Each structure stands twice: as structure tokens, then as C-alpha cells.
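Colleague: The structure that follows is given in the form of C-alpha cells.
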Amino acid sequence: MSTNTYSLLQNIDDPQAMRSLSRAQLKTLAAELRAYVIDSVSMTGGHLSSNLGTVELTVALHTVFNTPYDRIVWDVGHQTYPHKILTGRRERMSSLRQLGGLSGFPQRVESEYDTFGTAHSSTSISAALGMALAAKQKGEDRRAIAVIGDGAMTAGMAFEALNNGGVHDANLLVILNDNDMSISPPVGALNRYLAQLMSGQFYAKARDVGKSVLKQVPPLLELAKRLEQQAKGMVVPATMFEQFGFNYIGPIDGHDLDSLIPTLENIKGLKGPQFLHVVTKKGQGYKLAEADPIAYHGPGKFDPAVGLVKPATPPKQTFTQVFGNWLCDMAAKDQRLVGITPAMREGSGMVEFHKRFPGRYYDVGIAEQHAVTFAGGMACEGVKPVVAIYSTFLQRAYDQLIHDVALQNLPVVFALDRAGLVGADGATHAGAYDIAFVRCIPNMSMACPADERETRQLLSTAYEQNHPVCVRYPRGAGVGVAPLEGLEGLPFGKGEIRRESASKKVAILAFGSLLYPALTAGEALDATVVNMRWAKPLDEELLLQIAADHELIVTLEEGCIMGGAGSAVLESLAAQGLKNPVLQLGLPDQFIEHGDPAKLLALQGLDAAGIEASIRKRLAQNAA
């Protein structure tokens with residue numbers, strides 16, 4: 001830690017200790033908490049801007065509500081570092097996102113205060129509504145609170161939950177954390193006063209009594225409703241949430257404890273679904289993050305006094321950058337190309353494409369289902385959509401992938417970033433299942449490039465097809481094989497032999513970037529090594545050639561073994577009546593925790609040493 005002192009924070013091991021503090025002390029605590037977050041993230045890396053924006057809100061929630069009896073569900077959950085620090089995990093922050101350490105997201109197994117595991121967006125309202133109605137069913141007087149950002153509110157699931165929540169008399173509080181000023185006008189003293197007034201018992205009772213009295217005179221009741229809506233409309237952005245059945249309160253300053261605490265205390269006494277709109281600022285309190293919240297969204301280690309510094313030597317080109325360059329080059333060649341992303345412009349490498357081809361760039365918000373069907377609609381009209389999406393987020397649009405794209409055999413290219421293990425983000429973000437869930441869909445194809453050069457080439461091959469194709473590639477950089485400048489593809493559905501064995505004992509069939517540790521293991525074992533390139537269609541001609549003169553076939557993939565590329569090999573061999581022994585290496589039937597990617601692969605036996613050891617063990621078993 002830095003030289004910052006934490007005279008109050010060092011004594012807070014659970015929220016109960018905060019509830020006896022004065023308002024002035026809580027403000028000091030918030031300042032210490034913000035400094036502690038900056039110090040912690042500077043040493044471990046992790047999410048920063050979003051966490052700095054929720055410091056006061058976190059303090060207020062844990063002060064006012066009886067957590068963990070009252071449930072807080074944090075949408076996405078990458079803004080929960082202050083929450084973790086205040087709920088008994090302060091001293092473990094040095095282990096954040098490291099193997100065996102704290103997760104960067106809420107996890108039920110980590111703390112009773114983490115009431116629901118999150119990491120994908122827009123799930124909080126549904127989960128909190130479920131908790132609120134379960135409490136009602138059990139006769140428990142508890143509050144369920146969903147904290148959701150304005151970005152996550154773009155997803156249909158959030159509105160599905162609002163639509164359902166408004167018809168139930170549940171003690172549900174939805175807090176909209178508006179940190180982009182995309183909804184609200186500037187917040188002032190009048191707004192703060194009226195927010196506290198509208199959340200107070202007097203206002204609530206007066207409204208209810210008025211409605212019951214005026215119910216006998218329908219025209220007057222309708223007039224009163226309109227006047228109330230118009231009064232609110234003068235100081236709030238919209239009354240849309242009221243139409244869902246929620247009592248809308250706000251907007252209020254999410255960094256002002258003098259506004260947050262009284263308003264939450266008032267809301268705590270209200271029954272039924274409530275909606276509180278707070279305005280916060282990403283990076284609040286750290287000028288560098290305030291100025292560039294995107295750069296400080298998920299930084300690595302840094303010096304807080306200096307900020308982020310560009311490395312002296314340029315890092316190797318990442319797979320994401322390879323995709324971004326290919327997208328721009330192909331767009332320049334083909335006017336039909338459009339790029340689609342569900343709110344992941346930076347993460348998917350589309351910044352330059354957006355800059356150069358703004359009229360052909362579509363960010364649909366955090367709405368993966370819509371992104372896929374939207375692409376299908378464009379493909380129907382002769383446009384060539386390329387959907388840039390993380391593997392783990394494509395899971396959220398599986399019905400659309402089958403029903404709206406594959407069933408109609410529409411030529412959509414899916415660029416699946418973050419395939420395989422992703423390291424510090426852990427199981428929620430790992431792209432472990434795409435091979436298995438894509439290859440079982442008719443009309444779909446799946447390419448697995450081994451390096452940066454093949455990624456560019458196979459993207460071109462995918463683009464040339466008249467049916468949907470996925471191209472999966474991992475996070476970060478590969479081995480450093482420079483992509484070719486052109487847009488030439490590789491043969492569709494064909495692999496290649498990269499190393500031939502003299503003994504013909506073992507053949508390793510590698511799918512994707514694990515080709516390179518396979519080559520190292522192949523040298524030690526004198527094994528044939530095959531770069532399969534395609535999980536679907538499988539190069540069956542090459543497979544039969546390998547099966548004819550090798551004693552043991554080993555399949556290797558950075559994806560789940562069950563239903564994956566190795567399963568495809570077994571199915572193909574069985575269909576041909578062949579009974580070659582097959583050893584499948586890949587990710588086991590369990591969720592892999594967060595940690596350094598190289599360490600995680602080694603723990604699963606997917607580094608060169610692990611691959612060699614697994615093959616030697618099988619050879620020994622076969623010889624026994």
C-alpha cells in the first residue's frame with residue numbers, strides 16, 4: 001500500500017461497524033475507501049473507473065440497509081471492490097484476480113454479502129425480484145436491491161424484469177447508476193430536495209390517500225395522475241419507469257452522502273417496487289481516471305502518482321488487433337461489409353473501424369440477442385455482417401444463433417474473441433463452450449486459427465462463405481507470427497500436417513493456438529502434429545490418413561472436452577467404423593477459476609509439459 005492512512009477504514013470489518021458513524025465520519029470513510037481502491041488496483045490491476053464511481057453509493061447502501069439480511073445484487077459486478085473492502089475482505093485485496101485470491105466479481109462462495117454471482121450484464125433486476133418475492137412467500141421482511149448501470153439498462157432482460165416486477169407487490173428497490181450522463185440533466189439542489197420529498201412517507205401517504213378518495217370521481221383521479229406526472233416530468237428525465245409500476249425517485253447525486261443517505265432511509269420505509277435514479281461519474285476522485293475512464297476501466301499495475309505509462313517497447317500484436325486490422329482492410333475492399341458489436345467497441349478492437357467507416361459501424365448496446373438477429377436481418381438484404389462478440393457473450397444469444405441465423409443459413413461472420421481461458425476475469429468470461437455449442441448446429445462452421453497469421457486468413461475464408469461461420473481466437477497475443485498483408489484465405493475445412501513422426505506411434509490433432517505447445521511436445525515424443533484449423537467441418541480426409549498409420553490419436557483444444565472438437569473426431573472415426581484409441585485433452589467438466597492464463601493452462605495439463613506427460617501416461621497404460 002501507499003503512504004495513505006486509513007484511520008477509519010482499518011476498523012471496518014463489516015458494515016455493522018459503519019452504522020454508528022456520524023455523517024462526517026462516513027464522508028471521511030468514503031475518501032479513505034476511494035484511496036484504498038486506487039492503491040489496491042494499482043498493485044494488482046483490475047477494474048478502476050467503475051469502482052471509483054460507486055464508493056459513496058456503496059457506503060450509503062451498507063449504512064442504511066441491514067446487509068446481508070437485506071440483499072444487494074450488483075449488476076455486472078465489476079464495480080464491487082468498495083463492497084468487498086467493506087464486507088470483511090479488505091486485507092485480501094492484494095490477492096484480487098489472482099489464482100486462489102479474490103474474484104473481480106461477486107461470488108456467493110466468497111462471502112454472504114455477495115448474494116448473487118454476476119459478471120454478465122443486466123441480470124440484477126431479475127435476481128433481486130426473485131429474492132424479493134421469495135422473501136414475501138416466506139414471510140420475511142427484507143429488502144432486495146438491484147444496482148444496475150445505464151449501459152446494462154439497454155438490455156432487453158432488464159426491461160423484462162421491470163415489466164414483471166411492477167405487477168408484484170414486492171419490496172424491490174432498483175437503483176439506476178447513471179454514470180454517463182446519457183439520461184439525466186445536471187443534478188442540482190432542487191432535484192435533491194424533490195427526490196427526498198418524493199421518497200418520504202408524507203408524499204407516499206398523501207398520494208395513496210388522494211388516489212383512494214379520488215377513486216370515487218374517475219375524471220378527477222385521471223386529472224390528478226396527469227398533474228403528478230407533469231410535476232415529476234419537470235425535474236426528472238422521464239416517467240417511463242412509473243408506467244412499469246415503480247415509484248420513480250431522482251435523479252440525485254450519487255457522490256453526495258447528504259443526498260443518498262436520507263433518500264435511501266426514506267425508501268427503506270416504503271413498500272412495493274421503488275426506482276431510484278442516481279448520477280455518478282466513472283473515475284470519480286482520481287483525475288486521470290475521470291479524464292479517461294475507458295483507459296482506466298481495466299488497467300494493469302500502475303503508479304497512482306504517475307498513471308498509465310506506455311511500455312518502452314511495443315507489445316506483440318494481439319489477436320483482437322489482428323481482427324480489427326482485418327475488418328478495416330476487408331471493409332475497404334467490400335462496400336457490403338458492416339461491423340456489429342454489442343457494446344464492446346474497445347474490447348473487440350473496432351475503434352479504428354468505427355473511425356474510418358462510421359456509417360457501417362453498429363453498436364447495438366448490451367443486447368447480444370438483438371445483435372445476432374439484427375445481423376440476420378441485414379444478411380437477408382445482401383449486406384455482409386461481421387459480428388464481433390466475446391465467446392462468453394454469444395452464449396446469451398443462443399436461440400437467435402440457431403433460429404434467426406443458422407436455420408435460415410444466413411452468411412453472418414462471428415468473430416469470437418476471448419475463446420478459451422481468459423485469466424483474471426475467471427469462469428464468467430471464459431470462452432470454454434463455443435466449439436461444443438456451435439458445432440452441433442446445422443449450417444454453422446467453426447474455424448480455430450493457430451496464430452495471428454491464420455486468424456487473418458481464416459477470417460477471410462469465413463467472409464467468403466455463403467453460410468454462417470464462427471472464427472474463434474484467444475485473448476492477448478499469440479506466438480508472434482506476423483499476419484500477411486493481403487486478404488487471401490485458407491482452404492475451407494482443411495487442415496495441415498505440421499510435423500511428421502518417424503515412428504508413427506502418436507498423432508496430436510491440435511485445434512487452435514495450442515498447436516504450438518503441441519509442437520514442443522511432439523518433438524519430445526516424436527509425434528506427428530496436425531494443425532486441424534476447423535472444428536466444423538472436420539477435415540475427414542486428413543483424419544482418415546492419420547488414423548490409418550498411427551497407434552494413438554490425441555485431440556487438443558482450449559475448450560470443453562465434452563462435446564468439443566475431440567468429440568467430433570471420435571464421432572467421425574466411429575462413423576467410419578474405425579476403433580483407434582483416442583486421448584482427448586482440453587478443459588474438464590468444471591468451471592476454471594481466475595488467475596494467470598499460463599498457470600491456468602498448466603494446471604489443466606495444456607502446456608507443453610502437461611501434454612507430453614498425459615501422452616506418456618496413456619502410452620504406458622496401453623503398453624501394460
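Residues in the C-alpha cells are named by chain (A, B, ... in the order shown) and by number from 1 within that chain; ligands are numbered from 1 in the order shown.
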Give me the residues within 10 Å of region 521-528 of chain A as a ChimeraX atom specification, counting only C-alpha atoms and dropping any in the same chain fewer than 4 places off.
Modeller: /A:497-509,515-517,546,550,552-554,607-613,615-616
Colleague: Go through region 284-469 of chain A and collect every residue that DSSP, computed from the backbone, puts in alpha helix (DSSP H); the answer should be as number ranges by chain.
Modeller: A: 287-291, 319-333, 351-356, 368-380, 391-394, 398-400, 434-439, 452-464
Colleague: What's around Gly307 (chain A) at 12 Å? Count only C-alpha atoms, leave out sequence neighbours fewer than 3 positions away in its own chain, and write the answer as number ranges by chain.
Modeller: A: 38-39, 41-42, 48, 286-292, 295-296, 299-304, 310
Colleague: Would you mind listing what lies within 7 Å of region 125-129 of chain A as a short mmCIF file (atom, residue, chain, number, x, y, z; two decimals) with N, CA and C atoms, in the first residue's frame, with only C-alpha atoms counted and same-chain residues fewer than 4 positions away left out?
Modeller:
```cif
data_model
loop_
_atom_site.label_atom_id
_atom_site.label_comp_id
_atom_site.auth_asym_id
_atom_site.auth_seq_id
_atom_site.Cartn_x
_atom_site.Cartn_y
_atom_site.Cartn_z
N VAL A 73 -27.84 -6.89 -5.05
CA VAL A 73 -27.35 -7.55 -6.26
C VAL A 73 -26.71 -6.49 -7.15
N LEU A 133 -39.57 -11.64 -3.96
CA LEU A 133 -40.79 -12.44 -3.93
C LEU A 133 -40.62 -13.70 -3.09
N ALA A 144 -34.85 -6.26 -1.19
CA ALA A 144 -33.92 -6.71 -2.24
C ALA A 144 -33.60 -5.51 -3.12
N ILE A 145 -32.32 -5.29 -3.38
CA ILE A 145 -31.85 -4.10 -4.08
C ILE A 145 -31.03 -4.51 -5.30
N ALA A 146 -31.38 -4.01 -6.45
CA ALA A 146 -30.60 -4.22 -7.67
C ALA A 146 -29.92 -2.92 -8.04
N ALA A 158 -33.32 -6.60 -18.74
CA ALA A 158 -33.60 -5.64 -17.67
C ALA A 158 -35.05 -5.17 -17.76
N ALA A 161 -37.55 -7.82 -16.69
CA ALA A 161 -37.67 -7.87 -15.23
C ALA A 161 -38.49 -6.71 -14.70
N GLY A 165 -41.66 -7.04 -12.55
CA GLY A 165 -41.56 -6.54 -11.17
C GLY A 165 -42.63 -5.54 -10.81
N LEU A 172 -38.90 -4.40 -3.60
CA LEU A 172 -37.78 -4.36 -4.55
C LEU A 172 -37.39 -2.92 -4.79
N VAL A 174 -34.84 -0.84 -7.24
CA VAL A 174 -33.91 -0.80 -8.39
C VAL A 174 -33.20 0.54 -8.36
#
```
Colleague: Tell me which protein, DNA and RNA residues are within 7 Å of region 338-341 of chain A, counting only C-alpha atoms, leaving out same-chain ones fewer than 5 positions away, and put them as a list in words.
Modeller: Arg360, Tyr361, Tyr362, Asp363, Val364, Ala371, Lys384, Pro385, Val386, Val387, Ala388 and Ile389 of chain A
Colleague: Applying 12 Å and only C-alpha atoms, which residues near His168 (chain A) remain after dropping the ones on its own chain fewer than 6 positions away? List them as a PDB file with N, CA and C atoms, in the first residue's frame.
Modeller:
```pdb
ATOM      1  N   LEU A 129     -35.625  -9.379  -7.953  1.00  0.00           N
ATOM      2  CA  LEU A 129     -37.072  -9.609  -7.902  1.00  0.00           C
ATOM      3  C   LEU A 129     -37.362 -11.013  -7.376  1.00  0.00           C
ATOM      4  N   GLY A 130     -36.588 -11.993  -7.838  1.00  0.00           N
ATOM      5  CA  GLY A 130     -36.756 -13.345  -7.328  1.00  0.00           C
ATOM      6  C   GLY A 130     -36.538 -13.419  -5.831  1.00  0.00           C
ATOM      7  N   ALA A 132     -36.882 -10.880  -3.686  1.00  0.00           N
ATOM      8  CA  ALA A 132     -37.932 -10.136  -3.004  1.00  0.00           C
ATOM      9  C   ALA A 132     -39.213 -10.955  -2.888  1.00  0.00           C
ATOM     10  N   LEU A 133     -39.568 -11.641  -3.961  1.00  0.00           N
ATOM     11  CA  LEU A 133     -40.792 -12.441  -3.928  1.00  0.00           C
ATOM     12  C   LEU A 133     -40.620 -13.700  -3.086  1.00  0.00           C
ATOM     13  N   ALA A 134     -39.406 -14.245  -3.061  1.00  0.00           N
ATOM     14  CA  ALA A 134     -39.139 -15.390  -2.177  1.00  0.00           C
ATOM     15  C   ALA A 134     -39.280 -14.975  -0.718  1.00  0.00           C
ATOM     16  N   LYS A 136     -41.149 -12.560   0.408  1.00  0.00           N
ATOM     17  CA  LYS A 136     -42.580 -12.368   0.658  1.00  0.00           C
ATOM     18  C   LYS A 136     -43.271 -13.707   0.889  1.00  0.00           C
ATOM     19  N   GLN A 137     -42.926 -14.690   0.078  1.00  0.00           N
ATOM     20  CA  GLN A 137     -43.528 -16.013   0.202  1.00  0.00           C
ATOM     21  C   GLN A 137     -43.200 -16.650   1.550  1.00  0.00           C
ATOM     22  N   ALA A 161     -37.551  -7.815 -16.694  1.00  0.00           N
ATOM     23  CA  ALA A 161     -37.672  -7.874 -15.233  1.00  0.00           C
ATOM     24  C   ALA A 161     -38.492  -6.710 -14.697  1.00  0.00           C
ATOM     25  N   LEU A 162     -38.293  -5.516 -15.242  1.00  0.00           N
ATOM     26  CA  LEU A 162     -39.097  -4.365 -14.816  1.00  0.00           C
ATOM     27  C   LEU A 162     -40.575  -4.601 -15.103  1.00  0.00           C
ATOM     28  N   PHE A 244     -44.100   1.219 -15.610  1.00  0.00           N
ATOM     29  CA  PHE A 244     -43.831  -0.179 -15.279  1.00  0.00           C
ATOM     30  C   PHE A 244     -44.386  -0.557 -13.905  1.00  0.00           C
ATOM     31  N   GLY A 245     -44.855   0.436 -13.152  1.00  0.00           N
ATOM     32  CA  GLY A 245     -45.400   0.147 -11.837  1.00  0.00           C
ATOM     33  C   GLY A 245     -44.471   0.478 -10.691  1.00  0.00           C
ATOM     34  N   PHE A 246     -43.362   1.148 -10.971  1.00  0.00           N
ATOM     35  CA  PHE A 246     -42.403   1.536  -9.949  1.00  0.00           C
ATOM     36  C   PHE A 246     -42.635   2.982  -9.539  1.00  0.00           C
ATOM     37  N   LYS A 271     -43.158   0.615   0.891  1.00  0.00           N
ATOM     38  CA  LYS A 271     -43.470  -0.739   0.453  1.00  0.00           C
ATOM     39  C   LYS A 271     -43.647  -0.762  -1.060  1.00  0.00           C
ATOM     40  N   GLY A 272     -43.445  -1.925  -1.628  1.00  0.00           N
ATOM     41  CA  GLY A 272     -43.646  -2.087  -3.051  1.00  0.00           C
ATOM     42  C   GLY A 272     -42.420  -1.715  -3.866  1.00  0.00           C
ATOM     43  N   PRO A 273     -42.501  -1.838  -5.190  1.00  0.00           N
ATOM     44  CA  PRO A 273     -41.344  -1.601  -6.062  1.00  0.00           C
ATOM     45  C   PRO A 273     -40.973  -0.125  -6.166  1.00  0.00           C
ATOM     46  N   GLN A 274     -39.715   0.177  -5.901  1.00  0.00           N
ATOM     47  CA  GLN A 274     -39.189   1.544  -5.939  1.00  0.00           C
ATOM     48  C   GLN A 274     -38.065   1.620  -6.969  1.00  0.00           C
TER      49      GLN A 274
END
```
Colleague: Fewer than 6 positions away in the same chain doesn't count, so skip those; otherwise give me all residues within 7 Å of region 454-466 of chain A, counting only C-alpha atoms, as a ChimeraX atom specification.
Modeller: /A:322-323,326,411,413,447,483,487-490,492
Colleague: For a quick check of understanding, using only C-alpha atoms, which of A:Phe591, A:Leu61, A:Ile294, A:Gly605 has the smallest distance to Pro262 (chain A)?
Modeller: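 Closest to Pro262 (chain A) of all the choices is A:Leu61.
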Colleague: Which is closer to Leu9 (chain A) than all the others in A:Thr87, A:Thr80, A:Asn164, A:Asn179, using only C-alpha atoms?
Modeller: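 For Leu9 (chain A), the nearest of the given residues is A:Thr87.
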Colleague: With distances taken over only C-alpha atoms, which of A:Asn177, A:Gly577, A:His120, A:Arg19 is nearest to Val55 (chain A)?
Modeller: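 Of A:Asn177, A:Gly577, A:His120, A:Arg19, the one nearest Val55 (chain A), counting only C-alpha atoms, is A:Asn177.
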